[in-house]
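Below: upload-v7.cif (mmCIF, C-alpha atoms and all ligand atoms)
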data_structure
#
loop_
_atom_site.label_atom_id
_atom_site.label_comp_id
_atom_site.auth_asym_id
_atom_site.auth_seq_id
_atom_site.Cartn_x
_atom_site.Cartn_y
_atom_site.Cartn_z
CA MET A 1 6.43 -9.51 -4.85
CA THR A 2 3.41 -8.01 -3.14
CA ALA A 3 -0.18 -8.92 -3.88
CA THR A 4 -0.87 -5.68 -5.62
CA THR A 5 1.99 -5.92 -8.10
CA THR A 6 0.42 -9.09 -9.52
CA HIS A 7 -2.68 -7.09 -10.49
CA THR A 8 -3.63 -6.13 -13.95
CA SER A 9 -4.46 -2.43 -14.14
CA SER A 10 -8.19 -3.21 -14.05
CA ARG A 11 -10.56 -0.75 -12.46
CA PHE A 12 -12.16 -3.67 -10.64
CA GLY A 13 -9.06 -5.70 -9.80
CA PHE A 14 -9.57 -9.41 -10.39
CA ALA A 15 -13.34 -9.09 -10.77
CA THR A 16 -14.26 -10.16 -14.30
CA HIS A 17 -18.02 -9.78 -14.72
CA LEU A 18 -21.42 -9.72 -13.05
CA SER A 19 -23.40 -12.94 -13.00
CA CYS A 20 -27.06 -13.58 -12.22
CA ARG A 21 -27.60 -15.62 -9.09
CA GLU A 22 -30.80 -17.08 -10.53
CA CYS A 23 -30.11 -17.96 -14.18
CA GLY A 24 -26.33 -17.57 -14.40
CA ALA A 25 -26.45 -15.04 -17.26
CA THR A 26 -23.37 -12.82 -17.28
CA SER A 27 -22.92 -9.13 -17.99
CA ASP A 28 -20.11 -6.58 -17.98
CA LEU A 29 -19.04 -4.90 -14.76
CA GLY A 30 -21.26 -1.81 -14.67
CA GLY A 31 -23.92 0.01 -12.71
CA SER A 32 -26.67 -2.59 -12.83
CA HIS A 33 -28.01 -4.85 -10.13
CA ALA A 34 -30.74 -6.87 -11.88
CA CYS A 35 -30.37 -9.50 -14.59
CA ALA A 36 -31.49 -8.36 -18.05
CA GLU A 37 -32.80 -11.89 -18.72
CA CYS A 38 -34.76 -12.70 -15.54
CA PHE A 39 -34.48 -9.68 -13.18
CA GLY A 40 -32.56 -11.87 -10.71
CA PRO A 41 -29.91 -10.24 -8.46
CA LEU A 42 -26.40 -9.85 -9.88
CA GLU A 43 -23.21 -10.85 -8.13
CA VAL A 44 -19.55 -10.01 -8.78
CA SER A 45 -17.52 -12.90 -10.21
CA TYR A 46 -13.72 -13.11 -10.20
CA ASP A 47 -10.75 -14.80 -11.65
CA LEU A 48 -9.17 -14.94 -8.20
CA PRO A 49 -5.41 -14.50 -7.99
CA ARG A 50 -2.99 -16.83 -6.30
CA LEU A 51 -2.40 -15.15 -2.98
CA THR A 52 -0.32 -16.04 0.07
CA ARG A 53 -1.04 -15.41 3.74
CA ALA A 54 2.14 -13.32 3.92
CA GLN A 55 0.99 -11.03 1.10
CA ILE A 56 -2.23 -10.33 2.99
CA GLU A 57 -0.43 -9.91 6.32
CA ASP A 58 1.87 -7.31 4.73
CA GLY A 59 -1.11 -5.19 3.61
CA PRO A 60 -2.66 -2.15 5.32
CA ARG A 61 -4.51 -2.64 8.62
CA THR A 62 -7.87 -2.00 6.87
CA ILE A 63 -10.16 -4.02 4.60
CA TRP A 64 -7.82 -3.10 1.74
CA ARG A 65 -5.41 -5.83 2.86
CA TYR A 66 -7.93 -8.06 1.03
CA ALA A 67 -8.14 -5.79 -2.03
CA PRO A 68 -7.20 -8.58 -4.49
CA LEU A 69 -10.36 -10.42 -3.37
CA LEU A 70 -12.63 -7.36 -3.86
CA PRO A 71 -13.95 -5.52 -6.96
CA VAL A 72 -11.56 -2.60 -6.47
CA PRO A 73 -8.50 -1.22 -8.28
CA PRO A 74 -5.03 -2.17 -7.00
CA ASP A 75 -4.31 1.33 -5.69
CA VAL A 76 -7.56 1.54 -3.73
CA ALA A 77 -5.81 2.21 -0.41
CA ASP A 78 -4.55 5.54 -1.80
CA SER A 79 -8.03 6.98 -2.50
CA ALA A 80 -9.93 9.12 0.00
CA ASN A 81 -12.23 6.75 1.86
CA THR A 82 -13.02 5.72 5.40
CA GLU A 83 -10.68 2.98 6.59
CA PRO A 84 -12.85 0.21 7.99
CA GLY A 85 -11.81 -3.26 9.00
CA CYS A 86 -9.32 -5.12 11.20
CA THR A 87 -11.80 -4.92 14.05
CA ARG A 88 -11.26 -6.91 17.23
CA LEU A 89 -12.09 -10.59 17.53
CA THR A 90 -12.58 -10.80 21.28
CA ARG A 91 -12.27 -14.12 23.10
CA ALA A 92 -15.47 -14.17 25.17
CA ASP A 93 -14.61 -16.51 28.05
CA GLY A 94 -16.97 -14.84 30.52
CA LEU A 95 -19.90 -15.07 28.17
CA ALA A 96 -18.95 -18.63 27.19
CA LYS A 97 -18.97 -19.62 30.86
CA ALA A 98 -22.39 -18.02 31.38
CA LEU A 99 -23.72 -20.00 28.42
CA GLY A 100 -21.91 -23.28 29.13
CA MET A 101 -19.89 -23.08 25.93
CA ALA A 102 -16.32 -24.26 25.31
CA ALA A 103 -14.96 -21.52 23.03
CA LEU A 104 -16.73 -18.35 21.98
CA TRP A 105 -15.53 -15.23 20.14
CA VAL A 106 -17.20 -11.89 19.46
CA LYS A 107 -16.34 -10.15 16.18
CA ASP A 108 -16.72 -6.59 17.43
CA GLU A 109 -17.72 -4.26 14.61
CA ARG A 110 -17.91 -1.19 16.85
CA GLY A 111 -14.29 -0.54 15.88
CA ASN A 112 -15.24 0.69 12.41
CA PRO A 113 -15.19 4.43 11.56
CA THR A 114 -18.93 4.95 12.15
CA HIS A 115 -19.23 2.09 14.65
CA SER A 116 -20.94 -0.58 12.55
CA PHE A 117 -19.98 -3.10 9.86
CA LYS A 118 -21.71 -0.89 7.28
CA ASP A 119 -18.45 1.04 6.76
CA ARG A 120 -17.04 -2.06 5.04
CA VAL A 121 -19.76 -2.29 2.41
CA VAL A 122 -19.90 1.46 1.86
CA ALA A 123 -16.12 1.72 1.33
CA VAL A 124 -16.37 -0.84 -1.49
CA ALA A 125 -19.52 0.79 -2.91
CA LEU A 126 -17.86 4.23 -2.90
CA THR A 127 -14.88 2.81 -4.78
CA ALA A 128 -17.17 1.20 -7.39
CA ALA A 129 -19.21 4.41 -7.67
CA ARG A 130 -15.99 6.30 -8.47
CA GLN A 131 -14.93 3.77 -11.10
CA LEU A 132 -18.37 3.97 -12.71
CA GLY A 133 -18.48 7.77 -12.76
CA TYR A 134 -21.31 8.43 -10.29
CA ARG A 135 -21.22 11.79 -8.54
CA VAL A 136 -23.58 11.41 -5.57
CA LEU A 137 -23.51 8.69 -2.90
CA ALA A 138 -27.01 7.78 -1.70
CA CYS A 139 -28.92 5.08 0.19
CA PRO A 140 -32.13 4.05 1.84
CA SER A 141 -31.13 3.08 5.40
CA THR A 142 -32.27 1.63 8.71
CA GLY A 143 -29.70 3.93 10.37
CA ASN A 144 -26.20 2.52 10.36
CA LEU A 145 -25.91 2.67 6.59
CA ALA A 146 -26.92 6.33 6.66
CA ASN A 147 -24.05 7.05 9.08
CA ALA A 148 -21.56 5.16 6.91
CA VAL A 149 -22.66 6.78 3.63
CA ALA A 150 -22.65 10.31 5.04
CA ALA A 151 -19.18 9.80 6.56
CA ALA A 152 -17.65 8.20 3.47
CA ALA A 153 -19.07 10.90 1.17
CA ALA A 154 -17.71 13.58 3.52
CA LYS A 155 -14.26 11.99 3.39
CA ALA A 156 -14.45 11.64 -0.40
CA GLY A 157 -15.64 15.22 -0.83
CA ILE A 158 -18.83 14.29 -2.68
CA ARG A 159 -22.51 14.89 -1.97
CA SER A 160 -24.57 12.34 -0.03
CA VAL A 161 -28.32 11.84 0.11
CA VAL A 162 -29.69 9.41 2.68
CA LEU A 163 -33.32 8.38 3.08
CA VAL A 164 -34.42 6.98 6.45
CA PRO A 165 -37.73 5.96 8.05
CA ALA A 166 -38.87 8.98 10.09
CA ASP A 167 -39.25 6.88 13.27
CA LEU A 168 -35.55 5.92 13.51
CA GLU A 169 -33.58 6.08 16.78
CA PRO A 170 -32.66 9.77 17.45
CA GLN A 171 -29.01 8.84 18.14
CA LYS A 172 -28.65 7.34 14.66
CA ILE A 173 -30.21 10.39 13.00
CA ALA A 174 -27.95 12.78 14.94
CA ALA A 175 -24.91 10.67 14.08
CA THR A 176 -25.76 10.95 10.39
CA ALA A 177 -26.55 14.67 10.36
CA VAL A 178 -23.19 15.60 11.88
CA TYR A 179 -21.33 14.55 8.70
CA GLY A 180 -23.35 16.97 6.57
CA GLY A 181 -25.03 15.83 3.39
CA THR A 182 -28.74 15.63 2.77
CA LEU A 183 -30.78 13.64 5.29
CA VAL A 184 -34.38 12.88 4.29
CA PRO A 185 -36.77 11.40 6.88
CA VAL A 186 -39.55 9.51 5.08
CA LEU A 187 -42.97 8.61 6.46
CA GLY A 188 -43.20 4.84 6.29
CA SER A 189 -41.28 1.63 6.96
CA TYR A 190 -37.81 0.80 5.64
CA ASP A 191 -39.46 -1.13 2.84
CA ASP A 192 -41.35 2.03 1.78
CA VAL A 193 -38.09 4.00 1.90
CA ASN A 194 -36.36 1.32 -0.15
CA ARG A 195 -39.09 1.46 -2.81
CA LEU A 196 -38.68 5.24 -3.10
CA ALA A 197 -34.91 4.83 -3.42
CA THR A 198 -35.34 2.26 -6.17
CA GLU A 199 -37.57 4.69 -8.09
CA LEU A 200 -35.08 7.54 -7.57
CA ALA A 201 -32.20 5.35 -8.74
CA GLU A 202 -33.98 4.93 -12.09
CA GLU A 203 -34.40 8.69 -12.41
CA ARG A 204 -31.10 10.16 -11.12
CA GLU A 205 -28.44 8.95 -13.51
CA ASP A 206 -25.42 10.10 -11.55
CA TRP A 207 -26.56 8.89 -8.12
CA ALA A 208 -25.03 5.70 -6.74
CA PHE A 209 -27.48 4.19 -4.27
CA VAL A 210 -24.96 1.98 -2.50
CA ASN A 211 -27.41 -0.83 -1.73
CA VAL A 212 -29.54 -0.48 -4.87
CA ASN A 213 -27.79 0.20 -8.19
CA VAL A 214 -24.24 -0.59 -6.99
CA ARG A 215 -25.44 -3.35 -4.66
CA PRO A 216 -23.34 -6.13 -6.26
CA TYR A 217 -20.14 -4.25 -5.29
CA TYR A 218 -21.48 -3.06 -1.92
CA ALA A 219 -22.39 -6.57 -0.80
CA GLU A 220 -18.86 -7.85 -1.51
CA GLY A 221 -17.57 -5.63 1.31
CA SER A 222 -19.09 -7.98 3.88
CA LYS A 223 -16.73 -10.74 2.78
CA THR A 224 -13.99 -8.93 4.69
CA ILE A 225 -15.64 -9.91 7.99
CA GLY A 226 -15.15 -13.55 7.04
CA TYR A 227 -11.55 -13.03 5.90
CA GLU A 228 -10.66 -11.22 9.12
CA ILE A 229 -12.18 -13.88 11.37
CA ALA A 230 -10.14 -16.56 9.62
CA GLU A 231 -6.94 -14.50 9.70
CA HIS A 232 -7.37 -13.58 13.37
CA LEU A 233 -7.94 -17.23 14.29
CA GLY A 234 -4.54 -18.01 12.74
CA TRP A 235 -5.84 -18.86 9.25
CA ARG A 236 -8.58 -21.33 10.06
CA LEU A 237 -12.37 -21.28 10.11
CA PRO A 238 -14.60 -21.42 13.19
CA ALA A 239 -16.91 -24.45 13.43
CA GLN A 240 -20.01 -22.28 13.93
CA ILE A 241 -20.91 -18.65 13.30
CA VAL A 242 -24.05 -16.70 14.20
CA VAL A 243 -24.83 -13.69 12.00
CA PRO A 244 -27.65 -11.11 12.23
CA VAL A 245 -29.95 -11.02 9.20
CA ALA A 246 -31.61 -7.90 7.77
CA SER A 247 -31.30 -8.10 3.96
CA GLY A 248 -29.21 -11.23 4.55
CA ALA A 249 -26.24 -10.00 2.51
CA GLN A 250 -23.78 -10.08 5.40
CA LEU A 251 -24.48 -13.75 6.16
CA VAL A 252 -24.34 -14.80 2.51
CA LYS A 253 -21.02 -12.99 1.98
CA ILE A 254 -19.35 -14.42 5.09
CA ASP A 255 -20.11 -17.86 3.70
CA LYS A 256 -18.69 -16.78 0.31
CA ALA A 257 -15.53 -15.51 2.03
CA PHE A 258 -14.99 -18.79 3.90
CA ARG A 259 -15.41 -20.78 0.67
CA GLU A 260 -13.01 -18.51 -1.22
CA LEU A 261 -10.36 -18.92 1.50
CA ILE A 262 -10.70 -22.69 1.23
CA ALA A 263 -10.53 -22.56 -2.58
CA LEU A 264 -7.40 -20.40 -2.43
CA GLY A 265 -5.75 -22.78 0.03
CA LEU A 266 -5.43 -20.02 2.64
CA VAL A 267 -7.29 -22.03 5.32
CA PRO A 268 -7.72 -25.79 5.87
CA ASP A 269 -10.94 -27.18 4.40
CA THR A 270 -12.81 -27.71 7.68
CA PRO A 271 -16.63 -27.84 7.97
CA PHE A 272 -18.41 -24.72 9.24
CA ARG A 273 -22.08 -24.13 10.08
CA VAL A 274 -23.71 -20.75 9.49
CA PHE A 275 -26.65 -19.58 11.64
CA GLY A 276 -28.90 -16.57 10.99
CA ALA A 277 -30.47 -14.37 13.69
CA GLN A 278 -33.66 -12.30 13.40
CA ALA A 279 -35.96 -10.44 15.77
CA SER A 280 -39.37 -12.10 16.14
CA GLY A 281 -40.99 -8.79 15.15
CA CYS A 282 -39.31 -9.06 11.75
CA ALA A 283 -38.50 -12.70 11.08
CA PRO A 284 -39.44 -13.53 7.49
CA VAL A 285 -36.34 -15.67 6.88
CA SER A 286 -36.67 -17.51 10.19
CA ALA A 287 -40.33 -18.23 9.40
CA ALA A 288 -39.42 -19.63 5.98
CA PHE A 289 -36.67 -21.76 7.52
CA LYS A 290 -39.02 -23.23 10.13
CA ALA A 291 -41.69 -23.91 7.52
CA GLY A 292 -39.20 -25.54 5.16
CA HIS A 293 -40.01 -23.02 2.42
CA ASP A 294 -37.63 -21.74 -0.27
CA VAL A 295 -39.61 -18.54 -0.71
CA VAL A 296 -39.47 -15.75 1.89
CA ARG A 297 -42.86 -14.13 2.44
CA PRO A 298 -42.55 -10.37 3.27
CA VAL A 299 -43.70 -9.12 6.69
CA ARG A 300 -44.44 -5.71 8.21
CA PRO A 301 -41.70 -5.14 10.84
CA ALA A 302 -42.48 -4.35 14.48
CA THR A 303 -39.31 -4.67 16.57
CA LEU A 304 -36.95 -2.43 18.52
CA ALA A 305 -34.09 -3.96 16.52
CA LYS A 306 -34.55 -1.34 13.82
CA SER A 307 -31.26 -2.02 12.05
CA LEU A 308 -32.61 -5.48 11.22
CA ALA A 309 -36.15 -4.35 10.36
CA ILE A 310 -36.27 -5.29 6.67
CA GLY A 311 -39.56 -7.01 5.97
CA ASN A 312 -38.70 -8.00 2.40
CA PRO A 313 -35.05 -9.15 2.54
CA ALA A 314 -33.32 -9.22 -0.85
CA ASP A 315 -30.97 -12.04 0.11
CA GLY A 316 -33.49 -14.06 2.14
CA PRO A 317 -33.59 -17.06 -0.21
CA TYR A 318 -29.78 -17.18 -0.37
CA VAL A 319 -29.59 -17.13 3.44
CA LEU A 320 -31.80 -20.23 3.41
CA ASP A 321 -29.47 -21.87 0.87
CA VAL A 322 -26.39 -21.15 3.01
CA VAL A 323 -27.78 -22.34 6.34
CA ARG A 324 -29.25 -25.49 4.78
CA ARG A 325 -26.04 -26.32 2.88
CA THR A 326 -23.83 -25.84 5.97
CA GLY A 327 -26.13 -27.54 8.50
CA GLY A 328 -27.02 -24.29 10.30
CA ALA A 329 -30.40 -22.73 11.04
CA VAL A 330 -32.24 -19.40 11.22
CA ALA A 331 -34.02 -18.53 14.46
CA ASP A 332 -35.60 -15.48 16.09
CA VAL A 333 -36.15 -13.98 19.55
CA GLY A 334 -38.56 -11.39 20.95
CA ASP A 335 -37.59 -7.87 22.00
CA GLU A 336 -37.43 -8.75 25.71
CA ALA A 337 -34.82 -11.43 25.01
CA VAL A 338 -32.97 -8.93 22.80
CA VAL A 339 -32.60 -6.42 25.63
CA GLU A 340 -31.65 -9.15 28.09
CA ALA A 341 -28.93 -10.35 25.71
CA MET A 342 -27.60 -6.79 25.22
CA ARG A 343 -27.23 -6.59 29.01
CA LEU A 344 -25.60 -10.02 29.22
CA LEU A 345 -23.00 -9.12 26.56
CA ALA A 346 -22.21 -5.88 28.39
CA ALA A 347 -22.10 -7.51 31.85
CA THR A 348 -19.91 -10.46 30.84
CA GLU A 349 -17.63 -8.99 28.17
CA GLY A 350 -17.76 -5.22 28.64
CA ILE A 351 -19.13 -4.92 25.12
CA PHE A 352 -22.10 -2.61 24.61
CA GLY A 353 -23.52 -3.82 21.32
CA GLU A 354 -26.60 -2.46 19.65
CA THR A 355 -29.98 -4.13 19.40
CA ALA A 356 -28.73 -6.26 16.50
CA ALA A 357 -26.13 -7.74 18.87
CA GLY A 358 -28.94 -8.51 21.30
CA VAL A 359 -30.72 -10.33 18.51
CA THR A 360 -27.60 -12.32 17.63
CA LEU A 361 -26.75 -13.29 21.20
CA GLY A 362 -30.42 -13.92 22.01
CA VAL A 363 -30.62 -16.30 19.06
CA LEU A 364 -27.38 -18.01 20.12
CA ARG A 365 -29.03 -18.75 23.48
CA ARG A 366 -32.16 -20.04 21.78
CA LEU A 367 -30.16 -22.27 19.42
CA LEU A 368 -28.27 -23.70 22.41
CA ALA A 369 -31.52 -24.30 24.30
CA GLU A 370 -33.02 -26.06 21.30
CA GLY A 371 -29.91 -28.19 20.75
CA LEU A 372 -29.37 -26.79 17.25
CA LEU A 373 -25.92 -25.38 18.05
CA ASP A 374 -23.08 -27.40 19.60
CA PRO A 375 -21.83 -25.82 22.88
CA ALA A 376 -18.56 -27.77 22.57
CA ALA A 377 -17.66 -26.44 19.11
CA GLU A 378 -15.77 -23.18 18.59
CA THR A 379 -18.27 -20.42 17.80
CA VAL A 380 -18.09 -16.81 16.58
CA ILE A 381 -20.92 -14.30 16.96
CA ILE A 382 -21.05 -10.93 15.24
CA ASN A 383 -21.58 -7.72 17.20
CA SER A 384 -22.46 -5.65 14.15
CA GLY A 385 -23.00 -2.23 15.77
CA ASP A 386 -22.70 0.06 18.79
CA GLY A 387 -25.13 0.20 21.71
CA LEU A 388 -24.62 3.95 22.04
CA LYS A 389 -26.71 4.33 18.88
CA THR A 390 -29.64 2.41 20.37
CA LEU A 391 -29.48 3.67 23.96
CA ASP A 392 -33.25 3.83 24.30
CA ALA A 393 -33.41 0.04 24.27
CA VAL A 394 -31.62 -0.26 27.63
CA ALA A 395 -31.80 3.16 29.29
CA ALA A 396 -35.31 4.14 30.26
CA PRO A 397 -35.33 7.76 31.49
CA GLY A 398 -35.19 8.07 35.28
CA THR A 399 -33.36 4.79 35.94
CA LEU A 400 -30.39 6.48 37.67
CA PRO A 401 -30.29 6.22 41.48
CA GLU A 402 -30.85 9.46 43.41
CA ALA A 403 -27.71 11.66 43.64
CA ILE A 404 -25.77 11.81 46.92
CA ALA A 405 -23.90 14.63 48.67
CA PRO A 406 -20.08 14.57 48.16
CA THR A 407 -19.39 13.28 51.69
CA LEU A 408 -18.20 9.97 53.17
CA ALA A 409 -21.34 9.86 55.32
CA ALA A 410 -23.61 10.15 52.34
CA PHE A 411 -21.63 7.48 50.50
CA GLY A 412 -21.87 5.21 53.56
CA ALA A 413 -25.63 5.65 53.70
CA PHE A 414 -25.87 4.99 49.95
CA GLU A 415 -23.81 1.80 50.24
CA ALA A 416 -25.92 0.57 53.15
CA SER A 417 -29.05 1.02 51.05
CA LEU A 418 -27.77 -1.25 48.25
CA PRO A 419 -29.56 -4.59 47.95
C1 LIG B 501 -27.47 -3.56 8.27
C2 LIG B 501 -27.18 -4.24 9.56
C3 LIG B 501 -27.22 -5.65 9.70
C4 LIG B 501 -27.69 -6.58 8.62
O1 LIG B 501 -27.06 -6.55 7.41
P1 LIG B 501 -27.62 -7.27 6.11
O2 LIG B 501 -26.40 -7.46 5.31
O3 LIG B 501 -28.60 -6.34 5.48
O4 LIG B 501 -28.27 -8.56 6.52
C5 LIG B 501 -26.84 -6.19 10.90
N1 LIG B 501 -26.49 -5.42 11.95
C6 LIG B 501 -26.44 -4.09 11.86
C7 LIG B 501 -26.04 -3.32 13.07
C8 LIG B 501 -26.79 -3.45 10.68
O5 LIG B 501 -26.74 -2.12 10.62
ZN ZN B 502 -30.99 -14.01 -14.60
#
How would this structure read if it were set down as structure tokens?
Ligand SMILES: *Cc1c(COP(=O)(O)O)cnc(C)c1O
Ligand SMILES: [Zn+2]
Amino acid sequence: MTATTTHTSSRFGFATHLSCRECGATSDLGGSHACAECFGPLEVSYDLPRLTRAQIEDGPRTIWRYAPLLPVPPDVADSANTEPGCTRLTRADGLAKALGMAALWVKDERGNPTHSFKDRVVAVALTAARQLGYRVLACPSTGNLANAVAAAAAKAGIRSVVLVPADLEPQKIAATAVYGGTLVPVLGSYDDVNRLATELAEEREDWAFVNVNVRPYYAEGSKTIGYEIAEHLGWRLPAQIVVPVASGAQLVKIDKAFRELIALGLVPDTPFRVFGAQASGCAPVSAAFKAGHDVVRPVRPATLAKSLAIGNPADGPYVLDVVRRTGGAVADVGDEAVVEAMRLLAATEGIFGETAAGVTLGVLRRLLAEGLLDPAAETVIINSGDGLKTLDAVAAPGTLPEAIAPTLAAFGAFEASLP
């Protein structure tokens, strides 16, 4: 019997209700994201099925192999959607050597359809939007989400509307526009764009803002990163993981995924420590962690790591809960260290990650230097996006050497001039 034949015919699979992360109040699965009692954020709860490793391994080579653990119908793989997931987990021996670490892996999210992990969350949000009868897929975005929403809506044959800060990287804007749909540059920071989207979501009844009104479903998509890491390691958990933090949802959901796998008996119950990475120019969660606060005070972002530039992170307090419970930490690094780390990842592993990867690797180095992370314990870091979308960070114009004539003599002279 396959996993899917054990399903009920529910539109949301084994998901049973939404529950408030603050007060625990429950509500029906629907298009709401805030608790009616206390305005706290809602989360999808499940009556998780018994599931075997073999059932998962027999599934499609996409995130839908984990469909029974997501708020999606059993036949989800048959619907028009992008097909994210099953990205590489690369053993990073060269990087480990450079850092003096014993065992290091890079979860390389460039392999997704629009080259970032955002395809995972959007694929789940699109599915939920369909089940709930929305007709337009929309989002406020720091760039990668805009790409993912525009692509998924194109594939699904529905309209998309994406709102982005007007000062975004040109590569990200171009990569969104190519899918069609409506692209709206907005004067202001991501937090301004997000506020506008929240107001629009109240007004436009048939628009699903993936990270606003269908956010509980959207966020669940990030669990698949955690499932994949465990599966690729041969059904076990890494001892340490370093995750970039913008809203904080990705980090919180990787922790949720690891705990679900333990609860389902799919991995041994081994301890794991979760670490969060921010850019110093937008480090509200790191600042709260250092100060020992439970509350995250909003900041105005100023960093080249634009995909992480959320000054008022929705999941900030839950990131603090996860890192404190698991014995991890949140730390931050400046833009110079971000660029240096992007170059190090490329030069040691042949992986050109985006600025967020520079933040994650930069923070790994800082955590090692501060003795907060164990160099002897097996560690995974997330490369959440593609460096080709943030080229400006590493390629200043005019950095190419002068061109040579197509002759052996010219090549000889060029070689002799190398340092
Ligand atoms: C959105 C994004 C993140 C952060 O995700 P959150 O779940 O909001 O914390 C990390 N890296 C990249 C490349 C992103 O686009
Ligand atoms: Zn509540």
Between atom CA of A:Ala125 and atom CA of A:Val210, measure the distance and give it in Å to one decimal.
5.6 Å
Report as a PyMOL selection string which protein, DNA and RNA residues come within 8 Å of ligand LIG 501 (chain B), using only C-alpha atoms and all ligand atoms.
chain A and resi 116-118+142-145+219+222+243-251+307-308+310+313+315+354-357+383-386
Would you compute the distance between atom CA of A:Pro49 and atom CA of A:Pro68? Give it in Å to one decimal.
7.1 Å
re atom CA of A:Pro419 and atom CA of A:Pro406: distance 21.4 Å
So which residues touch A:Asp108 within 12 Å, counting all atoms listed in the file, skipping near sequence neighbours fewer than 6 positions away, as a ChimeraX atom specification?
/A:85-92,115-117,225,228-229,345,349-354,357,380-387
Write a file of the selected residues as a PDB file, in the coordinates of the input, keeping C-alpha atoms.
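So the final result, stored in selection-v2.pdb, reads:
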ATOM      1  CA  GLY A  85     -11.810  -3.260   9.000  1.00  0.00           C
ATOM      2  CA  CYS A  86      -9.320  -5.120  11.200  1.00  0.00           C
ATOM      3  CA  THR A  87     -11.800  -4.920  14.050  1.00  0.00           C
ATOM      4  CA  ARG A  88     -11.260  -6.910  17.230  1.00  0.00           C
ATOM      5  CA  LEU A  89     -12.090 -10.590  17.530  1.00  0.00           C
ATOM      6  CA  THR A  90     -12.580 -10.800  21.280  1.00  0.00           C
ATOM      7  CA  ARG A  91     -12.270 -14.120  23.100  1.00  0.00           C
ATOM      8  CA  ALA A  92     -15.470 -14.170  25.170  1.00  0.00           C
ATOM      9  CA  HIS A 115     -19.230   2.090  14.650  1.00  0.00           C
ATOM     10  CA  SER A 116     -20.940  -0.580  12.550  1.00  0.00           C
ATOM     11  CA  PHE A 117     -19.980  -3.100   9.860  1.00  0.00           C
ATOM     12  CA  ILE A 225     -15.640  -9.910   7.990  1.00  0.00           C
ATOM     13  CA  GLU A 228     -10.660 -11.220   9.120  1.00  0.00           C
ATOM     14  CA  ILE A 229     -12.180 -13.880  11.370  1.00  0.00           C
ATOM     15  CA  LEU A 345     -23.000  -9.120  26.560  1.00  0.00           C
ATOM     16  CA  GLU A 349     -17.630  -8.990  28.170  1.00  0.00           C
ATOM     17  CA  GLY A 350     -17.760  -5.220  28.640  1.00  0.00           C
ATOM     18  CA  ILE A 351     -19.130  -4.920  25.120  1.00  0.00           C
ATOM     19  CA  PHE A 352     -22.100  -2.610  24.610  1.00  0.00           C
ATOM     20  CA  GLY A 353     -23.520  -3.820  21.320  1.00  0.00           C
ATOM     21  CA  GLU A 354     -26.600  -2.460  19.650  1.00  0.00           C
ATOM     22  CA  ALA A 357     -26.130  -7.740  18.870  1.00  0.00           C
ATOM     23  CA  VAL A 380     -18.090 -16.810  16.580  1.00  0.00           C
ATOM     24  CA  ILE A 381     -20.920 -14.300  16.960  1.00  0.00           C
ATOM     25  CA  ILE A 382     -21.050 -10.930  15.240  1.00  0.00           C
ATOM     26  CA  ASN A 383     -21.580  -7.720  17.200  1.00  0.00           C
ATOM     27  CA  SER A 384     -22.460  -5.650  14.150  1.00  0.00           C
ATOM     28  CA  GLY A 385     -23.000  -2.230  15.770  1.00  0.00           C
ATOM     29  CA  ASP A 386     -22.700   0.060  18.790  1.00  0.00           C
ATOM     30  CA  GLY A 387     -25.130   0.200  21.710  1.00  0.00           C
TER      31      GLY A 387
END
Selection: 12 Å around A:Ala395, only C-alpha atoms, excl. self and same-chain fewer than 6 positions, as a PyMOL selection string:
chain A and resi 339+342-343+387-389
Which residue of A:Asp191, A:Glu415, A:Asp332, A:Glu109 approaches A:Pro298 most closely, using only C-alpha atoms
A:Asp191
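Near ligand ZN 502 (chain B), the residues found within 10 Å are A:Ser19, A:Cys20, A:Arg21, A:Glu22, A:Cys23, A:Gly24, A:Ala25, A:Thr26, A:Ala34, A:Cys35, A:Ala36, A:Glu37, A:Cys38, A:Phe39, A:Gly40, A:Pro41, A:Leu42 (criterion computed using only C-alpha atoms and all ligand atoms).
Restricting the calculation to only C-alpha atoms, the smallest distance between A:Asp269 and any of A:Pro238, A:Gly412, A:Pro60, A:Gly311 is found for A:Pro238.
Nearest residue to A:Leu367 among A:Leu99, A:Pro301, A:Arg11, A:Pro216 is A:Leu99, counting all atoms listed in the file.
With only C-alpha atoms as the atoms that count, the residue of A:Ala302, A:Ala230, A:Leu183, A:Val124 with the shortest distance to A:Ala150 is A:Leu183.
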Counting all atoms listed in the file, the option among A:Ala305, A:Ala263, A:Ala153, A:Ala54 closest to A:Leu391:
A:Ala305
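Distance check against A:Glu260 using only C-alpha atoms: of A:His17, A:Lys223, A:Lys306, A:Arg300, the minimum falls on A:Lys223.
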Got a sec: who's within 8 Å of A:Ala128, counting all atoms listed in the file, leaving out chain neighbours fewer than 5 positions off, as a PyMOL selection string?
chain A and resi 12+71-72+214+217
For stretch 55-58 of chain A, I'd like the enclosing box, axis-aligned and padded by 8 Å on every side, reported as lines of an AutoDock Vina configuration file with centre and edge lengths in Å to one decimal.
center_x = -0.2
center_y = -9.2
center_z = 3.7
size_x = 20.1
size_y = 19.7
size_z = 21.2
Determine, counting only C-alpha atoms, which protein, DNA and RNA residues have an atom within 12 Å of an atom of A:Ala98; residues of the same chain fewer than 4 positions away are not included. Present the result as a ChimeraX atom specification.
/A:92-94,102-104,341,344-345,347-349,365,375
